[in-house]
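Down below is the structure, laid out as structure tokens.
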Number of protein chains: 4
Amino acid sequence: MTEVRSLHPAPDQYAYAFGGREPLLTVAPGTVVELSTEDCFAGNVRGVDDLPSRVCTFPFLNPVTGPIAVEGAEVGDTLAVHFVEIVPSRDWAASSTFPHFGALTTTHATAMLHPALEERVWIYELDAATGTCRFRARRSDLTVELPMDPMHGTVGVAPAAGEVTMSITPAAHGGNMDTPEMRAGVTAYFPVNVPGGMLSIGDGHARQGEGEVCGTAVEAAMHTVVVVDLVKGQAPVSPRIESDGFLMTTGSARPLEDAYRISQLDLVGWTGSLLGLEELDAYQLVSQAGLAPAGNVVDTNYTMVGKLPKSVLGEAKAYDGLHEVLRGVAAEYLASR
Amino acid sequence: MTEVRSLHPAPDQYAYAFGGREPLLTVAPGTVVELSTEDCFAGNVRGVDDLPSRVCTFPFLNPVTGPIAVEGAEVGDTLAVHFVEIVPSRDWAASSTFPHFGALTTTHATAMLHPALEERVWIYELDAATGTCRFRARRSDLTVELPMDPMHGTVGVAPAAGEVTMSITPAAHGGNMDTPEMRAGVTAYFPVNVPGGMLSIGDGHARQGEGEVCGTAVEAAMHTVVVVDLVKGQAPVSPRIESDGFLMTTGSARPLEDAYRISQLDLVGWTGSLLGLEELDAYQLVSQAGLAPAGNVVDTNYTMVGKLPKSVLGEAKAYDGLHEVLRGVAAEYLASR
Amino acid sequence: MTEVRSLHPAPDQYAYAFGGREPLLTVAPGTVVELSTEDCFAGNVRGVDDLPSRVCTFPFLNPVTGPIAVEGAEVGDTLAVHFVEIVPSRDWAASSTFPHFGALTTTHATAMLHPALEERVWIYELDAATGTCRFRARRSDLTVELPMDPMHGTVGVAPAAGEVTMSITPAAHGGNMDTPEMRAGVTAYFPVNVPGGMLSIGDGHARQGEGEVCGTAVEAAMHTVVVVDLVKGQAPVSPRIESDGFLMTTGSARPLEDAYRISQLDLVGWTGSLLGLEELDAYQLVSQAGLAPAGNVVDTNYTMVGKLPKSVLGEAKAYDGLHEVLRGVAAEYLASR
Amino acid sequence: MTEVRSLHPAPDQYAYAFGGREPLLTVAPGTVVELSTEDCFAGNVRGVDDLPSRVCTFPFLNPVTGPIAVEGAEVGDTLAVHFVEIVPSRDWAASSTFPHFGALTTTHATAMLHPALEERVWIYELDAATGTCRFRARRSDLTVELPMDPMHGTVGVAPAAGEVTMSITPAAHGGNMDTPEMRAGVTAYFPVNVPGGMLSIGDGHARQGEGEVCGTAVEAAMHTVVVVDLVKGQAPVSPRIESDGFLMTTGSARPLEDAYRISQLDLVGWTGSLLGLEELDAYQLVSQAGLAPAGNVVDTNYTMVGKLPKSVLGEAKAYDGLHEVLRGVAAEYLASR
């Protein structure tokens, strides 16, 4: 029987970085963890007048829940995280522009003489019954119902080389990749860089567009259930994600073409190893069969996702079918709850 | 009754550039044009021993069919092209690596000390009955059936400022955007930069992955049917595409984040104007509802696509419902054929 | 005795592109050409109230003088241009911000939601006696005397592949590289892409900073004297420049690191071939001895310059000492004038 | 009388990161510190057969000496470091290519299918008497004498937000900027992000080219003397450098144009504040008077330098003339030694 553990941090227990922190929880591989996460504003934006630059204090942005240490995880291993469930814990969510943040504005890196864009907050109503979140325009009466598609923007482990990295940065350790692919039903794979791996999760989104162009998604506190597991060795160079339909790789870097290159090179290598393909043959196959959506084009690194339909793989299974195993664990957990 | 015209260039009639060429055909707005296109190798790669660098002669790469002048098209207008049908004209297609071309290799721009990757050709069998193209590995026996999804990599008009641009370059005039979204059933919108607009089409792909990572797709000669139409004024800054389900914008630039910026800024503006949204409200809505797949990350400019589900638009219609009108023209043409 | 020719275009004879134009002058290799160039505003900005967006008409920006055909120049040859003299033809010059142009502002490529920066004109007084140009602030009384250092922002030949490229674009054919290294006393080398090479020169600057950050330099009409010569074969991949003290290479591309890569790879290759060094040995030597100033970071491509002090070369001479020969021709011309 | 302190770390006392470490030394503002630094290979590359990938152990690369806490330094202050002397402590130095590192090779970020370039070591003889370092080719007999120009590639303080950053990364806290401008005689200014500032210095180079194209310079252990001082408030957004002739700013980011933007925006702001210029007037002046050499185009962030000749400033002095004061302290120290 699968062990079930809980992790519900007190307000002062959230972390704002990956690395350099003692575990809040230590679990055996295969454990189900029920956890709660705060939104990227640390819950401080509750209405349209709560401008983030006033109610949030740098660097206390983008809190993450964790770290969770996995017993037996050694450097070079692969930490697997299966998302069983991601459910908003409130009936509203918030989004905003933020000075010097976003893809269509001057930022600290793409530094310009323009003043910052106006800071503005949008509050979304989340309707669990209809599975929608309601956009409400601020300068007109328009409302738009969008399908809910809950996910976590920030999932990762402690970085290599003893680094401590702000939770808003995505890189080889994962972190703030902000891809909508990180939804319930997928298994994500991370390299273990320190003993225990040290998984942290945060930045729930009721939904987000690809690229997250304005810099924030439909930011929501979440109740989330994951299965945490371990694969010995095989650490990926950058996080991977597997859904029922797709193998996915990620690259987080700047410029955006380098993020693309990292994700596609890993997709070529992964595809090649699963199908026994010579390298250029795998390059050719991915070139015709792969997808390449943007994750984020706003964070301190940008993220691209490489996707290959599993139909291409025939009978081959990634990680010896671990995703299917974890699907089973999730089903069992949900049935028994 | 819709007029139907044909354009089947003789081998020496293909163009290899946008701009600077007399029309091969002049049509009234609303005309159906049946045309044939050669593949990007000008038909010279017919087997795995036909290495492109030997059988193709620079700059005679990526032939396009056209230009087609549209009567009454003036600078500042919008040339609309509805793709009725895109059908491979042979039962095979070709792909290859090409020295100093592709996303995971040194190129003339991302110039490095590495020797070029091996040049290699793959021949795909196209099966019209099953709608598949068969990948056949060159260094093992693996074959993979991929769904056919015919499209044109290169569609565009004469550039502004009297420029003559190689057909392998995508930019504000369209050109070699290499997005799989340019398939049958969509309407593409281009800015008119010179009298007549001067539409050219080429570079058919039996299918391609997003990003076209190795530099070439499943390259196929095509029989293609389009409806060519004209919208007075309203020239987009960069080509747009509309399908039954999505509004799409494109940006072609380097680095890839600039391609993303161009496409997203236009998507924000387009969405805002259709919904009467103030600019930041539109930015917010696109941020949550938009998609952002890569077009190509290999050509002389990179292309990103911005996509908005038309479900977001409610009753609003782009270009007063022109896409639906052209859908009707296409249906009538197909029924009468 | 060196032949001396003149080229003083009438207003309607200026070109605004490289490629696609008949020569205004045809000369034998080794000819001295006295020519005049207009400023990048086509002479239309004459005072601080002459905002470029009002007095200039796109695409009639950045006029160039030429093309000059060189007898015997064949594809693959090298066109050498020695700058004997670059002298402002008026006692004033103009600079400006320009909407959506410059490194610290949203542009058509780095597309953002910000409105354009204010458009503003500065008029510089040029003092030939003291060799200075006087900056005069527009919002205060400050004036600053800057040393004159006249140069041409735009020098190039017809592009390959039949392309016609706006004169504001720098690329492998040269064009609007906007590097202050293009001053009197240097010899520039260009690839011949079409018979005759088709040299054009424009965009004189009384001086400019590296990067040309606001988008325009101290823009001045010029009286310029060049020696035009020909080297058979040896076409460089991108323009090169030689001064008495330095070998220089250029790369024009986006992102800026690709411009750097192109320039440095050529500098490694050039250094290696002149010193008989194996490739990695040349890479190492350039890594320690080379300089890398920005040319422009504002144009449609960015330009980086690679520089190697000729002291590193010992007795080795680029192009068999052609620069010294042309120095001699220049001296003779100046003495005889 | 100026206090003089020493800091000569034992081998196990070197740090490999900025942030997260207790000070090795605490000094009052104005203190002279004599310190020693190891080379970037931690002294393990001593001959051409000592390939870095074999004799060095990740992440123990690029050791830095420090941190040095400055009494009274509070968040938002400016830590000033004047370089009195930088002298190689051995009569040789080392350089190398390194797998997946350098500007003209595939890297972990610019990820490609190419195998790594050959790893090779070069040993330079340093001659204090002639002030030269001797390049010796590995695949031929060529030697080249290059002027010595000792500098530190890595100088910085603890980052903001509690981050711990590998010493090979340059960013807003300084770090591995790898600009040859960081030589004896300059004063560098850093933002104080944590109490004490926590200055560390390493990565001495007997000389380096701009861009450091192969990834390593002429790497040398150093005996270095600095004056460490404090300016209350005025923390720069990114490190600044002042020499007798120039104000300099730095930007460290990717792509390279963003590094350029950061450095130029700060140069515009600094110039404007010193001369009382309105922003666009300062933009214009820097555009004509500024220089923009590359620092590095190889590290995890790239670095560009903005330079303004102090002749432009008239009587205005940065930081109330602190550089001149520290010049005086240095002279006094050297005279008294």
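Chain lettering (A, B, ...) mirrors the order of the structure tokens, residue numbering begins at 1 for each chain separately, and ligand numbering begins at 1 in order of display.
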With only C-alpha atoms counted and 7 Å as the cut-off, give the residues of chain D in contact with chain A, each with its shortest interatomic distance in Å and the pair that gives it, as CSV.
```
residue,atom,partner,partner_atom,distance
D:Pro59,CA,A:Ala161,CA,5.4
D:Ala109,CA,A:Asp258,CA,5.6
D:Thr110,CA,A:Asp258,CA,5.2
D:Ala111,CA,A:Ile262,CA,5.4
D:Met112,CA,A:Leu265,CA,6.7
D:Ala161,CA,A:Pro59,CA,5.4
D:Glu163,CA,A:Val164,CA,4.9
D:Val164,CA,A:Val164,CA,4.6
D:Thr165,CA,A:Glu163,CA,5.4
D:Met166,CA,A:Glu163,CA,6.5
D:Ala253,CA,A:Ala109,CA,6.6
D:Arg254,CA,A:Arg254,CA,5.5
D:Pro255,CA,A:Pro255,CA,5.2
D:Asp258,CA,A:Thr110,CA,5.2
D:Arg261,CA,A:Ala111,CA,5.5
D:Ile262,CA,A:Ala111,CA,5.4
D:Leu265,CA,A:Met112,CA,6.6
```
Item to complete: Taking the chain letters and numbering used in this document, name the residues of segment 182-330 of chain D that DSSP puts in strand (DSSP E or B), as a PyMOL selection string.
Response: chain D and resi 183+187-191+199-205+211+219+222-231+240-242+246-253+291+293-294+296+302-309
Discussion item. Set the distance at 7 Å and use only C-alpha atoms: which residues neighbour segment 116-133 of chain D once local chain neighbours fewer than 2 positions away are removed? I'd like the list as a list in words.
Written reply: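 So the residues in contact are Gly47, Val48, Leu51, Asp91, Trp92, Ala93, Ala94, Ser95, Ser96, Thr97, Phe98, Pro99, His100, Thr105, Thr106, His114, Phe135, Arg136, Glu145, Leu146, Pro147 and Met148 of chain D.
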With only C-alpha atoms as the counted atoms, please give the residues lying no more than 10 Å from Ala42 of chain C, apart from itself and same-chain residues fewer than 5 positions off, as a PDB file with all heavy atoms, in the first residue's frame.
```pdb
ATOM      1  N   PRO C  11      20.566  64.850 -57.158  1.00  0.00           N
ATOM      2  CA  PRO C  11      19.668  64.375 -56.095  1.00  0.00           C
ATOM      3  C   PRO C  11      18.898  63.118 -56.463  1.00  0.00           C
ATOM      4  O   PRO C  11      18.710  62.240 -55.627  1.00  0.00           O
ATOM      5  CB  PRO C  11      18.738  65.573 -55.867  1.00  0.00           C
ATOM      6  CG  PRO C  11      19.582  66.756 -56.206  1.00  0.00           C
ATOM      7  CD  PRO C  11      20.467  66.306 -57.355  1.00  0.00           C
ATOM      8  N   TYR C  14      20.794  59.262 -56.338  1.00  0.00           N
ATOM      9  CA  TYR C  14      21.181  58.442 -55.183  1.00  0.00           C
ATOM     10  C   TYR C  14      20.433  57.117 -55.188  1.00  0.00           C
ATOM     11  O   TYR C  14      19.286  57.028 -55.641  1.00  0.00           O
ATOM     12  CB  TYR C  14      20.912  59.188 -53.871  1.00  0.00           C
ATOM     13  CG  TYR C  14      21.912  60.288 -53.632  1.00  0.00           C
ATOM     14  CD1 TYR C  14      21.579  61.627 -53.838  1.00  0.00           C
ATOM     15  CD2 TYR C  14      23.214  59.979 -53.223  1.00  0.00           C
ATOM     16  CE1 TYR C  14      22.508  62.635 -53.644  1.00  0.00           C
ATOM     17  CE2 TYR C  14      24.145  60.993 -53.026  1.00  0.00           C
ATOM     18  CZ  TYR C  14      23.797  62.311 -53.236  1.00  0.00           C
ATOM     19  OH  TYR C  14      24.717  63.303 -53.054  1.00  0.00           O
ATOM     20  N   THR C  37      28.781  62.366 -50.954  1.00  0.00           N
ATOM     21  CA  THR C  37      27.662  61.590 -50.386  1.00  0.00           C
ATOM     22  C   THR C  37      26.748  62.527 -49.614  1.00  0.00           C
ATOM     23  O   THR C  37      27.197  63.520 -49.039  1.00  0.00           O
ATOM     24  CB  THR C  37      28.166  60.487 -49.434  1.00  0.00           C
ATOM     25  OG1 THR C  37      28.826  61.094 -48.309  1.00  0.00           O
ATOM     26  CG2 THR C  37      29.131  59.543 -50.135  1.00  0.00           C
ATOM     27  N   PRO C  52      12.783  63.896 -38.540  1.00  0.00           N
ATOM     28  CA  PRO C  52      12.976  62.971 -39.670  1.00  0.00           C
ATOM     29  C   PRO C  52      11.690  62.298 -40.133  1.00  0.00           C
ATOM     30  O   PRO C  52      11.478  62.133 -41.336  1.00  0.00           O
ATOM     31  CB  PRO C  52      13.963  61.935 -39.114  1.00  0.00           C
ATOM     32  CG  PRO C  52      14.724  62.661 -38.072  1.00  0.00           C
ATOM     33  CD  PRO C  52      13.765  63.651 -37.467  1.00  0.00           C
ATOM     34  N   VAL C  55      10.124  64.962 -42.409  1.00  0.00           N
ATOM     35  CA  VAL C  55      10.789  65.492 -43.605  1.00  0.00           C
ATOM     36  C   VAL C  55      11.392  64.405 -44.483  1.00  0.00           C
ATOM     37  O   VAL C  55      11.801  64.674 -45.611  1.00  0.00           O
ATOM     38  CB  VAL C  55      11.864  66.533 -43.226  1.00  0.00           C
ATOM     39  CG1 VAL C  55      11.236  67.700 -42.476  1.00  0.00           C
ATOM     40  CG2 VAL C  55      13.005  65.904 -42.431  1.00  0.00           C
ATOM     41  N   CYS C  56      11.472  63.195 -43.966  1.00  0.00           N
ATOM     42  CA  CYS C  56      11.994  62.086 -44.765  1.00  0.00           C
ATOM     43  C   CYS C  56      10.847  61.149 -45.144  1.00  0.00           C
ATOM     44  O   CYS C  56       9.885  61.008 -44.403  1.00  0.00           O
ATOM     45  CB  CYS C  56      13.051  61.296 -43.998  1.00  0.00           C
ATOM     46  SG  CYS C  56      14.478  62.282 -43.513  1.00  0.00           S
ATOM     47  N   THR C  57      10.968  60.490 -46.294  1.00  0.00           N
ATOM     48  CA  THR C  57       9.924  59.603 -46.776  1.00  0.00           C
ATOM     49  C   THR C  57      10.493  58.205 -46.941  1.00  0.00           C
ATOM     50  O   THR C  57      11.379  57.981 -47.757  1.00  0.00           O
ATOM     51  CB  THR C  57       9.382  60.093 -48.146  1.00  0.00           C
ATOM     52  OG1 THR C  57       9.050  61.473 -48.021  1.00  0.00           O
ATOM     53  CG2 THR C  57       8.162  59.283 -48.561  1.00  0.00           C
ATOM     54  N   PHE C  60      13.130  56.323 -48.617  1.00  0.00           N
ATOM     55  CA  PHE C  60      14.193  57.185 -49.123  1.00  0.00           C
ATOM     56  C   PHE C  60      15.061  57.702 -47.989  1.00  0.00           C
ATOM     57  O   PHE C  60      15.197  58.893 -47.742  1.00  0.00           O
ATOM     58  CB  PHE C  60      13.612  58.301 -49.992  1.00  0.00           C
ATOM     59  CG  PHE C  60      12.825  57.740 -51.142  1.00  0.00           C
ATOM     60  CD1 PHE C  60      11.443  57.762 -51.156  1.00  0.00           C
ATOM     61  CD2 PHE C  60      13.492  57.112 -52.197  1.00  0.00           C
ATOM     62  CE1 PHE C  60      10.722  57.211 -52.202  1.00  0.00           C
ATOM     63  CE2 PHE C  60      12.772  56.554 -53.262  1.00  0.00           C
ATOM     64  CZ  PHE C  60      11.391  56.607 -53.259  1.00  0.00           C
ATOM     65  N   LEU C  61      15.615  56.740 -47.261  1.00  0.00           N
ATOM     66  CA  LEU C  61      16.503  57.008 -46.145  1.00  0.00           C
ATOM     67  C   LEU C  61      17.855  56.387 -46.466  1.00  0.00           C
ATOM     68  O   LEU C  61      17.923  55.340 -47.094  1.00  0.00           O
ATOM     69  CB  LEU C  61      15.958  56.349 -44.872  1.00  0.00           C
ATOM     70  CG  LEU C  61      14.744  57.038 -44.264  1.00  0.00           C
ATOM     71  CD1 LEU C  61      14.084  56.146 -43.230  1.00  0.00           C
ATOM     72  CD2 LEU C  61      15.176  58.362 -43.613  1.00  0.00           C
ATOM     73  N   ASN C  62      18.880  57.028 -45.999  1.00  0.00           N
ATOM     74  CA  ASN C  62      20.225  56.493 -46.134  1.00  0.00           C
ATOM     75  C   ASN C  62      20.660  56.339 -47.599  1.00  0.00           C
ATOM     76  O   ASN C  62      21.000  55.253 -48.066  1.00  0.00           O
ATOM     77  CB  ASN C  62      20.319  55.137 -45.411  1.00  0.00           C
ATOM     78  CG  ASN C  62      21.733  54.874 -44.933  1.00  0.00           C
ATOM     79  OD1 ASN C  62      22.447  55.800 -44.541  1.00  0.00           O
ATOM     80  ND2 ASN C  62      22.157  53.633 -44.989  1.00  0.00           N
ATOM     81  N   PRO C  63      20.689  57.449 -48.328  1.00  0.00           N
ATOM     82  CA  PRO C  63      21.122  57.396 -49.721  1.00  0.00           C
ATOM     83  C   PRO C  63      22.589  56.983 -49.827  1.00  0.00           C
ATOM     84  O   PRO C  63      23.399  57.325 -48.969  1.00  0.00           O
ATOM     85  CB  PRO C  63      20.940  58.843 -50.209  1.00  0.00           C
ATOM     86  CG  PRO C  63      20.949  59.677 -48.973  1.00  0.00           C
ATOM     87  CD  PRO C  63      20.358  58.814 -47.899  1.00  0.00           C
ATOM     88  N   VAL C  64      22.888  56.223 -50.852  1.00  0.00           N
ATOM     89  CA  VAL C  64      24.285  55.865 -51.125  1.00  0.00           C
ATOM     90  C   VAL C  64      24.677  56.326 -52.515  1.00  0.00           C
ATOM     91  O   VAL C  64      23.849  56.427 -53.411  1.00  0.00           O
ATOM     92  CB  VAL C  64      24.543  54.349 -50.966  1.00  0.00           C
ATOM     93  CG1 VAL C  64      24.503  53.961 -49.481  1.00  0.00           C
ATOM     94  CG2 VAL C  64      23.560  53.512 -51.767  1.00  0.00           C
ATOM     95  N   ASP C 203      26.235  57.553 -45.988  1.00  0.00           N
ATOM     96  CA  ASP C 203      26.036  57.623 -44.540  1.00  0.00           C
ATOM     97  C   ASP C 203      27.286  58.105 -43.805  1.00  0.00           C
ATOM     98  O   ASP C 203      27.754  57.473 -42.854  1.00  0.00           O
ATOM     99  CB  ASP C 203      25.617  56.242 -44.027  1.00  0.00           C
ATOM    100  CG  ASP C 203      25.110  56.285 -42.599  1.00  0.00           C
ATOM    101  OD1 ASP C 203      24.637  57.342 -42.162  1.00  0.00           O
ATOM    102  OD2 ASP C 203      25.207  55.247 -41.913  1.00  0.00           O
ATOM    103  N   ALA C 220      26.512  63.497 -41.575  1.00  0.00           N
ATOM    104  CA  ALA C 220      27.088  64.581 -42.363  1.00  0.00           C
ATOM    105  C   ALA C 220      27.246  64.189 -43.827  1.00  0.00           C
ATOM    106  O   ALA C 220      27.637  63.070 -44.133  1.00  0.00           O
ATOM    107  CB  ALA C 220      28.465  64.954 -41.799  1.00  0.00           C
ATOM    108  N   ALA C 221      26.939  65.132 -44.705  1.00  0.00           N
ATOM    109  CA  ALA C 221      27.305  64.964 -46.111  1.00  0.00           C
ATOM    110  C   ALA C 221      28.823  65.031 -46.212  1.00  0.00           C
ATOM    111  O   ALA C 221      29.468  65.746 -45.445  1.00  0.00           O
ATOM    112  CB  ALA C 221      26.647  66.058 -46.946  1.00  0.00           C
TER     113      ALA C 221
END
```
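Excluding Ser243 of chain D itself and same-chain residues fewer than 4 positions from it, the residues having an atom within 8 Å of it are D:Gly185, D:Val186, D:Thr187, D:Leu247, D:Met248, D:His323, counting only C-alpha atoms.
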Worksheet entry | Near-Thr2 of chain C list (10 Å; only C-alpha atoms; drop same-chain fewer than 5 positions) as a list in words | Pro29, Gly30, Thr31, Val32, Val227, Val329, Ala330, Glu332 and Tyr333 of chain C
Got a sec: who's within 10 Å of Leu142 of chain D, counting only C-alpha atoms, leaving out chain neighbours fewer than 5 positions off, as a compact mmCIF listing (two decimals) with all heavy atoms, in the first residue's frame?
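Below you can see out-v4.txt, which holds the result:
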```
# COMPACT_ATOMS: atom_id res chain seq x y z
N LEU C 275 49.73 33.40 -40.56
CA LEU C 275 50.84 32.94 -39.72
C LEU C 275 51.12 31.45 -39.86
O LEU C 275 51.99 30.91 -39.16
CB LEU C 275 50.55 33.27 -38.24
CG LEU C 275 50.56 34.75 -37.88
CD1 LEU C 275 50.23 34.95 -36.41
CD2 LEU C 275 51.93 35.36 -38.20
N GLY C 276 50.38 30.78 -40.74
CA GLY C 276 50.59 29.35 -40.89
C GLY C 276 50.24 28.57 -39.63
O GLY C 276 50.85 27.53 -39.35
N LEU C 277 49.27 29.06 -38.90
CA LEU C 277 48.89 28.42 -37.64
C LEU C 277 47.77 27.40 -37.85
O LEU C 277 46.83 27.67 -38.60
CB LEU C 277 48.38 29.47 -36.64
CG LEU C 277 49.42 30.28 -35.89
CD1 LEU C 277 48.72 31.36 -35.07
CD2 LEU C 277 50.25 29.39 -34.97
N ASP C 281 45.37 26.69 -32.61
CA ASP C 281 46.43 27.61 -32.22
C ASP C 281 46.04 29.05 -32.57
O ASP C 281 46.28 29.99 -31.79
CB ASP C 281 47.75 27.23 -32.92
CG ASP C 281 48.51 26.11 -32.20
OD1 ASP C 281 48.21 25.83 -31.01
OD2 ASP C 281 49.40 25.51 -32.82
N PHE D 135 53.27 33.56 -26.26
CA PHE D 135 52.44 32.52 -26.85
C PHE D 135 53.33 31.56 -27.61
O PHE D 135 54.21 31.97 -28.35
CB PHE D 135 51.42 33.16 -27.80
CG PHE D 135 50.75 32.18 -28.73
CD1 PHE D 135 49.73 31.35 -28.27
CD2 PHE D 135 51.13 32.09 -30.06
CE1 PHE D 135 49.11 30.45 -29.13
CE2 PHE D 135 50.51 31.19 -30.93
CZ PHE D 135 49.50 30.37 -30.46
N ARG D 136 53.08 30.30 -27.43
CA ARG D 136 53.86 29.27 -28.12
C ARG D 136 52.84 28.32 -28.77
O ARG D 136 52.10 27.62 -28.08
CB ARG D 136 54.71 28.53 -27.10
CG ARG D 136 55.74 27.59 -27.66
CD ARG D 136 56.55 26.93 -26.54
NE ARG D 136 57.46 27.84 -25.86
CZ ARG D 136 58.64 28.23 -26.33
NH1 ARG D 136 59.06 27.77 -27.51
NH2 ARG D 136 59.39 29.06 -25.65
N ALA D 137 52.81 28.33 -30.10
CA ALA D 137 51.86 27.46 -30.80
C ALA D 137 52.13 26.00 -30.46
O ALA D 137 53.28 25.62 -30.19
CB ALA D 137 51.96 27.68 -32.31
```
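The coordinates place atom CA of Arg138 of chain D at 8.4 Å from atom CA of Glu278 of chain C.
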